[in-house]
>>> print(open('final-v6.cif').read())   # mmCIF, N, CA, C and O atoms
data_data
loop_
_atom_site.label_atom_id
_atom_site.label_comp_id
_atom_site.auth_asym_id
_atom_site.auth_seq_id
_atom_site.Cartn_x
_atom_site.Cartn_y
_atom_site.Cartn_z
N MET R 1227 -38.59 103.26 -112.01
CA MET R 1227 -38.69 104.18 -110.92
C MET R 1227 -37.91 103.60 -109.75
O MET R 1227 -38.00 102.43 -109.43
N SER R 1228 -37.12 104.46 -109.13
CA SER R 1228 -36.30 103.99 -108.02
C SER R 1228 -37.16 103.75 -106.79
O SER R 1228 -38.31 104.17 -106.73
N SER R 1229 -36.59 103.10 -105.84
CA SER R 1229 -37.33 102.79 -104.62
C SER R 1229 -37.74 104.07 -103.90
O SER R 1229 -38.86 104.18 -103.42
N ARG R 1230 -36.83 105.02 -103.85
CA ARG R 1230 -37.13 106.28 -103.16
C ARG R 1230 -38.19 107.06 -103.93
O ARG R 1230 -39.10 107.64 -103.35
N GLY R 1231 -38.10 107.07 -105.24
CA GLY R 1231 -39.08 107.77 -106.08
C GLY R 1231 -40.45 107.13 -105.99
O GLY R 1231 -41.47 107.81 -105.96
N GLY R 1232 -40.48 105.81 -105.96
CA GLY R 1232 -41.75 105.10 -105.84
C GLY R 1232 -42.44 105.40 -104.52
O GLY R 1232 -43.65 105.60 -104.48
N LYS R 1233 -41.65 105.43 -103.45
CA LYS R 1233 -42.22 105.75 -102.14
C LYS R 1233 -42.77 107.18 -102.12
O LYS R 1233 -43.82 107.44 -101.54
N LEU R 1234 -42.07 108.09 -102.78
CA LEU R 1234 -42.51 109.48 -102.84
C LEU R 1234 -43.83 109.60 -103.60
O LEU R 1234 -44.75 110.30 -103.17
N VAL R 1235 -43.93 108.89 -104.73
CA VAL R 1235 -45.17 108.94 -105.51
C VAL R 1235 -46.33 108.34 -104.72
O VAL R 1235 -47.42 108.92 -104.67
N ILE R 1236 -46.12 107.22 -104.09
CA ILE R 1236 -47.17 106.56 -103.31
C ILE R 1236 -47.60 107.45 -102.14
O ILE R 1236 -48.80 107.61 -101.88
N ALA R 1237 -46.63 108.04 -101.45
CA ALA R 1237 -46.96 108.92 -100.32
C ALA R 1237 -47.73 110.13 -100.81
O ALA R 1237 -48.71 110.56 -100.17
N SER R 1238 -47.33 110.70 -101.94
CA SER R 1238 -48.02 111.88 -102.48
C SER R 1238 -49.46 111.54 -102.85
O SER R 1238 -50.39 112.30 -102.55
N VAL R 1239 -49.66 110.42 -103.52
CA VAL R 1239 -51.00 110.00 -103.90
C VAL R 1239 -51.86 109.75 -102.66
O VAL R 1239 -53.03 110.16 -102.61
N ALA R 1240 -51.29 109.12 -101.65
CA ALA R 1240 -52.03 108.84 -100.42
C ALA R 1240 -52.43 110.14 -99.72
O ALA R 1240 -53.56 110.28 -99.24
N ILE R 1241 -51.54 111.12 -99.68
CA ILE R 1241 -51.83 112.40 -99.02
C ILE R 1241 -52.92 113.15 -99.77
O ILE R 1241 -53.89 113.63 -99.17
N VAL R 1242 -52.78 113.25 -101.09
CA VAL R 1242 -53.77 113.97 -101.88
C VAL R 1242 -55.13 113.30 -101.78
O VAL R 1242 -56.16 113.96 -101.60
N THR R 1243 -55.16 111.99 -101.86
CA THR R 1243 -56.42 111.25 -101.75
C THR R 1243 -57.05 111.45 -100.37
O THR R 1243 -58.27 111.67 -100.26
N SER R 1244 -56.26 111.38 -99.33
CA SER R 1244 -56.77 111.57 -97.97
C SER R 1244 -57.37 112.95 -97.79
O SER R 1244 -58.45 113.09 -97.21
N VAL R 1245 -56.69 113.97 -98.29
CA VAL R 1245 -57.20 115.33 -98.15
C VAL R 1245 -58.49 115.48 -98.93
O VAL R 1245 -59.49 116.03 -98.42
N TYR R 1246 -58.53 115.01 -100.16
CA TYR R 1246 -59.71 115.15 -101.00
C TYR R 1246 -60.93 114.47 -100.38
O TYR R 1246 -61.98 115.07 -100.22
N PHE R 1247 -60.78 113.20 -100.00
CA PHE R 1247 -61.91 112.48 -99.43
C PHE R 1247 -62.25 112.98 -98.03
O PHE R 1247 -63.41 112.97 -97.64
N GLY R 1248 -61.27 113.44 -97.28
CA GLY R 1248 -61.53 114.02 -95.97
C GLY R 1248 -62.37 115.27 -96.07
O GLY R 1248 -63.33 115.46 -95.33
N VAL R 1249 -62.03 116.16 -97.01
CA VAL R 1249 -62.80 117.39 -97.20
C VAL R 1249 -64.22 117.05 -97.65
O VAL R 1249 -65.19 117.61 -97.13
N ASN R 1250 -64.37 116.15 -98.58
CA ASN R 1250 -65.71 115.79 -99.05
C ASN R 1250 -66.54 115.11 -97.97
O ASN R 1250 -67.76 115.22 -97.96
N PHE R 1251 -65.90 114.41 -97.06
CA PHE R 1251 -66.63 113.75 -95.98
C PHE R 1251 -67.06 114.75 -94.93
O PHE R 1251 -68.21 114.75 -94.49
N TRP R 1252 -66.15 115.63 -94.50
CA TRP R 1252 -66.43 116.53 -93.39
C TRP R 1252 -67.23 117.77 -93.79
O TRP R 1252 -67.88 118.38 -92.95
N LYS R 1253 -67.19 118.17 -95.05
CA LYS R 1253 -67.84 119.40 -95.49
C LYS R 1253 -69.32 119.45 -95.12
O LYS R 1253 -69.76 120.42 -94.48
N PRO R 1254 -70.15 118.45 -95.47
CA PRO R 1254 -71.56 118.54 -95.10
C PRO R 1254 -71.80 118.50 -93.59
O PRO R 1254 -72.71 119.15 -93.09
N ILE R 1255 -70.96 117.80 -92.87
CA ILE R 1255 -71.12 117.70 -91.42
C ILE R 1255 -70.83 119.04 -90.77
O ILE R 1255 -71.58 119.50 -89.90
N VAL R 1256 -69.76 119.71 -91.20
CA VAL R 1256 -69.39 121.00 -90.64
C VAL R 1256 -70.45 122.05 -90.97
O VAL R 1256 -70.86 122.83 -90.10
N ILE R 1257 -70.91 122.06 -92.20
CA ILE R 1257 -71.92 123.05 -92.61
C ILE R 1257 -73.21 122.85 -91.82
O ILE R 1257 -73.83 123.81 -91.37
N GLU R 1258 -73.62 121.61 -91.63
CA GLU R 1258 -74.84 121.33 -90.87
C GLU R 1258 -74.71 121.81 -89.43
O GLU R 1258 -75.62 122.42 -88.87
N GLN R 1259 -73.54 121.56 -88.83
CA GLN R 1259 -73.34 121.99 -87.44
C GLN R 1259 -73.30 123.51 -87.33
O GLN R 1259 -73.86 124.09 -86.40
N LEU R 1260 -72.65 124.18 -88.28
CA LEU R 1260 -72.63 125.64 -88.28
C LEU R 1260 -74.04 126.20 -88.42
O LEU R 1260 -74.39 127.19 -87.77
N ARG R 1261 -74.85 125.58 -89.26
CA ARG R 1261 -76.23 126.02 -89.44
C ARG R 1261 -77.02 125.84 -88.14
O ARG R 1261 -77.80 126.70 -87.74
N LYS R 1262 -76.85 124.69 -87.45
CA LYS R 1262 -77.55 124.45 -86.20
C LYS R 1262 -77.15 125.47 -85.13
O LYS R 1262 -77.99 125.92 -84.35
N ASP R 1263 -75.85 125.79 -85.08
CA ASP R 1263 -75.36 126.74 -84.08
C ASP R 1263 -75.69 128.18 -84.41
O ASP R 1263 -75.53 129.06 -83.56
N GLY R 1264 -76.11 128.45 -85.65
CA GLY R 1264 -76.40 129.82 -86.06
C GLY R 1264 -75.15 130.60 -86.43
O GLY R 1264 -75.17 131.83 -86.48
N ASN R 1265 -74.05 129.91 -86.69
CA ASN R 1265 -72.79 130.57 -87.02
C ASN R 1265 -72.46 130.52 -88.50
O ASN R 1265 -71.38 130.91 -88.91
N LEU R 1266 -73.40 130.05 -89.31
CA LEU R 1266 -73.16 129.97 -90.75
C LEU R 1266 -73.34 131.35 -91.36
O LEU R 1266 -74.35 132.01 -91.15
N ARG R 1267 -72.34 131.79 -92.10
CA ARG R 1267 -72.39 133.13 -92.71
C ARG R 1267 -73.43 133.15 -93.81
O ARG R 1267 -73.48 132.27 -94.65
N GLU R 1268 -74.24 134.18 -93.79
CA GLU R 1268 -75.31 134.32 -94.78
C GLU R 1268 -74.82 134.94 -96.08
O GLU R 1268 -75.49 134.83 -97.10
N ASP R 1269 -73.66 135.61 -96.06
CA ASP R 1269 -73.17 136.27 -97.27
C ASP R 1269 -72.50 135.31 -98.24
O ASP R 1269 -72.21 135.66 -99.37
N ILE R 1270 -72.28 134.08 -97.82
CA ILE R 1270 -71.67 133.07 -98.69
C ILE R 1270 -72.75 132.07 -99.05
O ILE R 1270 -73.36 131.44 -98.18
N LYS R 1271 -72.99 131.93 -100.35
CA LYS R 1271 -74.03 131.00 -100.81
C LYS R 1271 -73.46 129.58 -100.83
O LYS R 1271 -72.38 129.33 -101.34
N ILE R 1272 -74.24 128.64 -100.32
CA ILE R 1272 -73.84 127.24 -100.30
C ILE R 1272 -74.92 126.45 -101.03
O ILE R 1272 -76.10 126.55 -100.70
N ASP R 1273 -74.50 125.69 -102.02
CA ASP R 1273 -75.43 124.86 -102.78
C ASP R 1273 -75.67 123.57 -102.00
O ASP R 1273 -74.88 122.62 -102.08
N GLN R 1274 -76.75 123.55 -101.23
CA GLN R 1274 -77.04 122.40 -100.37
C GLN R 1274 -77.27 121.13 -101.16
O GLN R 1274 -76.86 120.05 -100.75
N ALA R 1275 -77.90 121.24 -102.33
CA ALA R 1275 -78.16 120.05 -103.15
C ALA R 1275 -76.85 119.41 -103.60
O ALA R 1275 -76.71 118.18 -103.59
N ALA R 1276 -75.88 120.24 -103.99
CA ALA R 1276 -74.59 119.70 -104.43
C ALA R 1276 -73.86 119.02 -103.28
O ALA R 1276 -73.23 117.98 -103.46
N ILE R 1277 -73.97 119.60 -102.09
CA ILE R 1277 -73.32 119.00 -100.93
C ILE R 1277 -73.95 117.65 -100.60
O ILE R 1277 -73.24 116.68 -100.33
N GLU R 1278 -75.27 117.57 -100.67
CA GLU R 1278 -75.94 116.31 -100.37
C GLU R 1278 -75.61 115.25 -101.42
O GLU R 1278 -75.48 114.07 -101.10
N GLU R 1279 -75.49 115.67 -102.69
CA GLU R 1279 -75.13 114.71 -103.73
C GLU R 1279 -73.72 114.21 -103.53
O GLU R 1279 -73.42 113.04 -103.74
N GLU R 1280 -72.81 115.10 -103.12
CA GLU R 1280 -71.43 114.70 -102.88
C GLU R 1280 -71.35 113.71 -101.73
O GLU R 1280 -70.61 112.74 -101.78
N ALA R 1281 -72.12 113.98 -100.69
CA ALA R 1281 -72.03 113.15 -99.49
C ALA R 1281 -72.56 111.75 -99.75
O ALA R 1281 -71.89 110.77 -99.50
N GLN R 1282 -73.78 111.65 -100.22
CA GLN R 1282 -74.45 110.38 -100.47
C GLN R 1282 -74.22 109.41 -99.32
O GLN R 1282 -73.86 108.25 -99.49
N GLN R 1283 -74.44 109.93 -98.13
CA GLN R 1283 -74.27 109.13 -96.92
C GLN R 1283 -75.56 108.36 -96.65
O GLN R 1283 -76.64 108.84 -96.96
N PRO R 1284 -75.45 107.19 -96.04
CA PRO R 1284 -76.66 106.49 -95.63
C PRO R 1284 -77.44 107.33 -94.63
O PRO R 1284 -76.86 108.04 -93.82
N LYS R 1285 -78.76 107.26 -94.69
CA LYS R 1285 -79.62 108.09 -93.84
C LYS R 1285 -79.72 107.56 -92.42
O LYS R 1285 -79.99 108.30 -91.50
N SER R 1286 -79.54 106.27 -92.24
CA SER R 1286 -79.67 105.69 -90.90
C SER R 1286 -78.70 104.52 -90.77
O SER R 1286 -78.11 104.06 -91.73
N TRP R 1287 -78.56 104.06 -89.52
CA TRP R 1287 -77.69 102.92 -89.28
C TRP R 1287 -78.23 101.66 -89.93
O TRP R 1287 -77.46 100.82 -90.40
N SER R 1288 -79.55 101.54 -89.97
CA SER R 1288 -80.12 100.33 -90.59
C SER R 1288 -79.83 100.31 -92.09
O SER R 1288 -79.56 99.25 -92.66
N GLU R 1289 -79.86 101.49 -92.74
CA GLU R 1289 -79.52 101.54 -94.16
C GLU R 1289 -78.05 101.20 -94.38
O GLU R 1289 -77.70 100.48 -95.31
N LEU R 1290 -77.19 101.71 -93.50
CA LEU R 1290 -75.77 101.39 -93.60
C LEU R 1290 -75.53 99.90 -93.38
O LEU R 1290 -74.77 99.28 -94.12
N ARG R 1291 -76.23 99.32 -92.39
CA ARG R 1291 -76.10 97.88 -92.12
C ARG R 1291 -76.56 97.06 -93.32
O ARG R 1291 -75.93 96.08 -93.70
N GLN R 1292 -77.67 97.49 -93.95
CA GLN R 1292 -78.21 96.78 -95.11
C GLN R 1292 -77.22 96.83 -96.26
O GLN R 1292 -76.99 95.82 -96.93
N LYS R 1293 -76.60 97.99 -96.48
CA LYS R 1293 -75.61 98.11 -97.56
C LYS R 1293 -74.39 97.24 -97.28
O LYS R 1293 -73.86 96.61 -98.18
N PHE R 1294 -73.96 97.21 -96.02
CA PHE R 1294 -72.82 96.38 -95.66
C PHE R 1294 -73.14 94.90 -95.85
O PHE R 1294 -72.34 94.15 -96.41
N GLU R 1295 -74.32 94.49 -95.41
CA GLU R 1295 -74.72 93.09 -95.57
C GLU R 1295 -74.87 92.71 -97.04
O GLU R 1295 -74.60 91.58 -97.43
N ALA R 1296 -75.28 93.67 -97.87
CA ALA R 1296 -75.39 93.41 -99.30
C ALA R 1296 -74.02 93.18 -99.92
O ALA R 1296 -73.88 92.39 -100.85
N VAL R 1297 -73.01 93.84 -99.38
CA VAL R 1297 -71.65 93.62 -99.87
C VAL R 1297 -71.14 92.26 -99.41
O VAL R 1297 -70.52 91.52 -100.16
N VAL R 1298 -71.42 91.91 -98.16
CA VAL R 1298 -70.95 90.65 -97.60
C VAL R 1298 -71.63 89.46 -98.26
O VAL R 1298 -70.98 88.50 -98.65
N ASP R 1299 -72.97 89.51 -98.38
CA ASP R 1299 -73.73 88.41 -98.96
C ASP R 1299 -74.74 88.98 -99.96
O ASP R 1299 -75.90 89.20 -99.62
N PRO R 1300 -74.30 89.25 -101.18
CA PRO R 1300 -75.15 89.96 -102.13
C PRO R 1300 -76.42 89.23 -102.55
O PRO R 1300 -77.37 89.85 -102.96
N GLU R 1301 -76.46 87.93 -102.45
CA GLU R 1301 -77.63 87.20 -102.91
C GLU R 1301 -78.83 87.36 -101.98
O GLU R 1301 -79.97 87.22 -102.41
N LYS R 1302 -78.61 87.67 -100.71
CA LYS R 1302 -79.70 87.70 -99.74
C LYS R 1302 -80.09 89.11 -99.29
O LYS R 1302 -81.18 89.31 -98.82
N ASN R 1303 -79.21 90.08 -99.40
CA ASN R 1303 -79.40 91.34 -98.71
C ASN R 1303 -79.53 92.53 -99.65
O ASN R 1303 -78.76 93.47 -99.59
N PHE R 1304 -80.53 92.53 -100.48
CA PHE R 1304 -80.79 93.66 -101.35
C PHE R 1304 -82.03 94.39 -100.89
O PHE R 1304 -82.99 93.77 -100.42
N SER R 1305 -82.02 95.71 -101.10
CA SER R 1305 -83.24 96.47 -100.83
C SER R 1305 -84.23 96.19 -101.96
O SER R 1305 -83.88 95.61 -102.99
N ALA R 1306 -85.47 96.63 -101.77
CA ALA R 1306 -86.50 96.40 -102.79
C ALA R 1306 -86.12 97.10 -104.10
O ALA R 1306 -86.31 96.55 -105.18
N GLU R 1307 -85.55 98.29 -103.99
CA GLU R 1307 -85.13 99.03 -105.18
C GLU R 1307 -84.01 98.30 -105.92
O GLU R 1307 -84.02 98.18 -107.15
N ASP R 1308 -83.04 97.79 -105.15
CA ASP R 1308 -81.95 97.03 -105.76
C ASP R 1308 -82.48 95.76 -106.43
O ASP R 1308 -82.02 95.38 -107.51
N GLN R 1309 -83.44 95.11 -105.78
CA GLN R 1309 -84.01 93.88 -106.33
C GLN R 1309 -84.70 94.15 -107.66
O GLN R 1309 -84.55 93.38 -108.61
N LYS R 1310 -85.47 95.25 -107.74
CA LYS R 1310 -86.13 95.60 -109.00
C LYS R 1310 -85.11 95.87 -110.09
O LYS R 1310 -85.29 95.46 -111.23
N GLY R 1311 -84.04 96.57 -109.74
CA GLY R 1311 -82.99 96.84 -110.71
C GLY R 1311 -82.33 95.57 -111.21
O GLY R 1311 -82.05 95.42 -112.41
N LEU R 1312 -82.10 94.63 -110.31
CA LEU R 1312 -81.50 93.35 -110.70
C LEU R 1312 -82.43 92.55 -111.61
O LEU R 1312 -81.99 91.92 -112.56
N GLU R 1313 -83.73 92.59 -111.30
CA GLU R 1313 -84.68 91.86 -112.13
C GLU R 1313 -84.74 92.43 -113.54
O GLU R 1313 -84.76 91.69 -114.52
N SER R 1314 -84.74 93.76 -113.66
CA SER R 1314 -84.77 94.37 -115.00
C SER R 1314 -83.47 94.09 -115.75
O SER R 1314 -83.48 93.84 -116.95
N LEU R 1315 -82.35 94.08 -115.02
CA LEU R 1315 -81.08 93.75 -115.65
C LEU R 1315 -81.07 92.31 -116.13
O LEU R 1315 -80.61 92.02 -117.24
N GLN R 1316 -81.63 91.41 -115.34
CA GLN R 1316 -81.68 90.00 -115.73
C GLN R 1316 -82.54 89.82 -116.98
O GLN R 1316 -82.18 89.06 -117.88
N LYS R 1317 -83.65 90.53 -117.05
CA LYS R 1317 -84.50 90.44 -118.24
C LYS R 1317 -83.78 90.94 -119.48
O LYS R 1317 -83.85 90.32 -120.55
N ARG R 1318 -83.06 92.05 -119.35
CA ARG R 1318 -82.30 92.58 -120.50
C ARG R 1318 -81.21 91.61 -120.93
O ARG R 1318 -80.98 91.41 -122.13
N LEU R 1319 -80.55 90.98 -119.95
CA LEU R 1319 -79.50 90.02 -120.28
C LEU R 1319 -80.07 88.81 -121.00
O LEU R 1319 -79.46 88.28 -121.94
N GLU R 1320 -81.24 88.36 -120.57
CA GLU R 1320 -81.88 87.22 -121.24
C GLU R 1320 -82.26 87.57 -122.67
O GLU R 1320 -82.08 86.76 -123.59
N LYS R 1321 -82.78 88.79 -122.89
CA LYS R 1321 -83.10 89.23 -124.25
C LYS R 1321 -81.85 89.29 -125.11
O LYS R 1321 -81.85 88.85 -126.27
N ASN R 1322 -80.78 89.83 -124.54
CA ASN R 1322 -79.52 89.91 -125.30
C ASN R 1322 -78.99 88.53 -125.63
O ASN R 1322 -78.48 88.29 -126.72
N LYS R 1323 -79.09 87.60 -124.68
CA LYS R 1323 -78.61 86.24 -124.91
C LYS R 1323 -79.40 85.59 -126.05
O LYS R 1323 -78.82 84.95 -126.93
N ALA R 1324 -80.72 85.76 -126.02
CA ALA R 1324 -81.56 85.19 -127.07
C ALA R 1324 -81.19 85.80 -128.42
O ALA R 1324 -81.10 85.09 -129.43
N PHE R 1325 -80.95 87.09 -128.45
CA PHE R 1325 -80.57 87.77 -129.69
C PHE R 1325 -79.26 87.22 -130.25
O PHE R 1325 -79.15 86.89 -131.43
N PHE R 1326 -78.26 87.08 -129.37
CA PHE R 1326 -76.96 86.59 -129.83
C PHE R 1326 -77.00 85.11 -130.18
O PHE R 1326 -76.27 84.65 -131.06
N ASP R 1327 -77.86 84.35 -129.51
CA ASP R 1327 -78.03 82.95 -129.88
C ASP R 1327 -78.59 82.83 -131.30
O ASP R 1327 -78.16 81.98 -132.08
N GLU R 1328 -79.55 83.70 -131.63
CA GLU R 1328 -80.12 83.72 -132.99
C GLU R 1328 -79.04 84.08 -134.01
O GLU R 1328 -78.98 83.50 -135.09
N LEU R 1329 -78.20 85.04 -133.68
CA LEU R 1329 -77.11 85.42 -134.59
C LEU R 1329 -76.15 84.26 -134.82
O LEU R 1329 -75.70 84.03 -135.95
N ASP R 1330 -75.84 83.54 -133.76
CA ASP R 1330 -74.94 82.39 -133.89
C ASP R 1330 -75.56 81.31 -134.77
O ASP R 1330 -74.86 80.68 -135.58
N LYS R 1331 -76.87 81.07 -134.61
CA LYS R 1331 -77.54 80.06 -135.44
C LYS R 1331 -77.50 80.46 -136.91
O LYS R 1331 -77.29 79.62 -137.79
N GLU R 1332 -77.70 81.74 -137.17
CA GLU R 1332 -77.66 82.22 -138.57
C GLU R 1332 -76.26 82.10 -139.17
O GLU R 1332 -76.11 81.78 -140.35
N LYS R 1333 -75.25 82.34 -138.38
CA LYS R 1333 -73.88 82.24 -138.86
C LYS R 1333 -73.50 80.79 -139.16
O LYS R 1333 -72.72 80.51 -140.07
N LYS R 1334 -74.02 79.85 -138.39
CA LYS R 1334 -73.69 78.44 -138.56
C LYS R 1334 -74.35 77.86 -139.79
O LYS R 1334 -73.91 76.87 -140.33
N LYS R 1335 -75.43 78.47 -140.28
CA LYS R 1335 -76.14 77.95 -141.44
C LYS R 1335 -75.40 78.18 -142.69
O LYS R 1335 -74.57 78.56 -143.15
#
>>> encode(input="final-v6.cif", output="structure tokens")
Amino acid sequence: MSSRGGKLVIASVAIVTSVYFGVNFWKPIVIEQLRKDGNLREDIKIDQAAIEEEAQQPKSWSELRQKFEAVVDPEKNFSAEDQKGLESLQKRLEKNKAFFDELDKEKKK
């Protein structure tokens, strides 16, 4: 790919990605504001559950801060739900390790 063609592909991907993620980010915010103002059209059905699933935004600043801190220092900053998930994953990994260790012992015999 030539230099000019590569720049065109990269620019196109960046534009398409920006538009896609921009629309998905602003859509729930705009709809919520229209609903508050009373300007939301009633003849157009909006699936609120789908919009909320798409957004998956943190509910508060403290939740956002906790998620950020979990990325920065994952060993210390997990929510209780994340901690439970990690513990169950660790148990499954230990079971799998024991299973594969047994298989290795049988193969060596």
>>> select_by_dssp(input="final-v6.cif", residues="chain R", states="alpha helix (DSSP H)", output="PyMOL selection string")
chain R and resi 1229-1263+1274-1281+1287-1298+1306-1334
>>> atom_distance(input="final-v6.cif", atom1="atom CA of R:Asp1308", atom2="atom CA of R:Ser1288")
15.6 Å
>>> atom_distance(input="final-v6.cif", atom1="atom N of R:Glu1295", atom2="atom N of R:Gln1309")
13.8 Å
>>> atom_distance(input="final-v6.cif", atom1="atom N of R:Ile1270", atom2="atom N of R:Thr1243")
28.2 Å
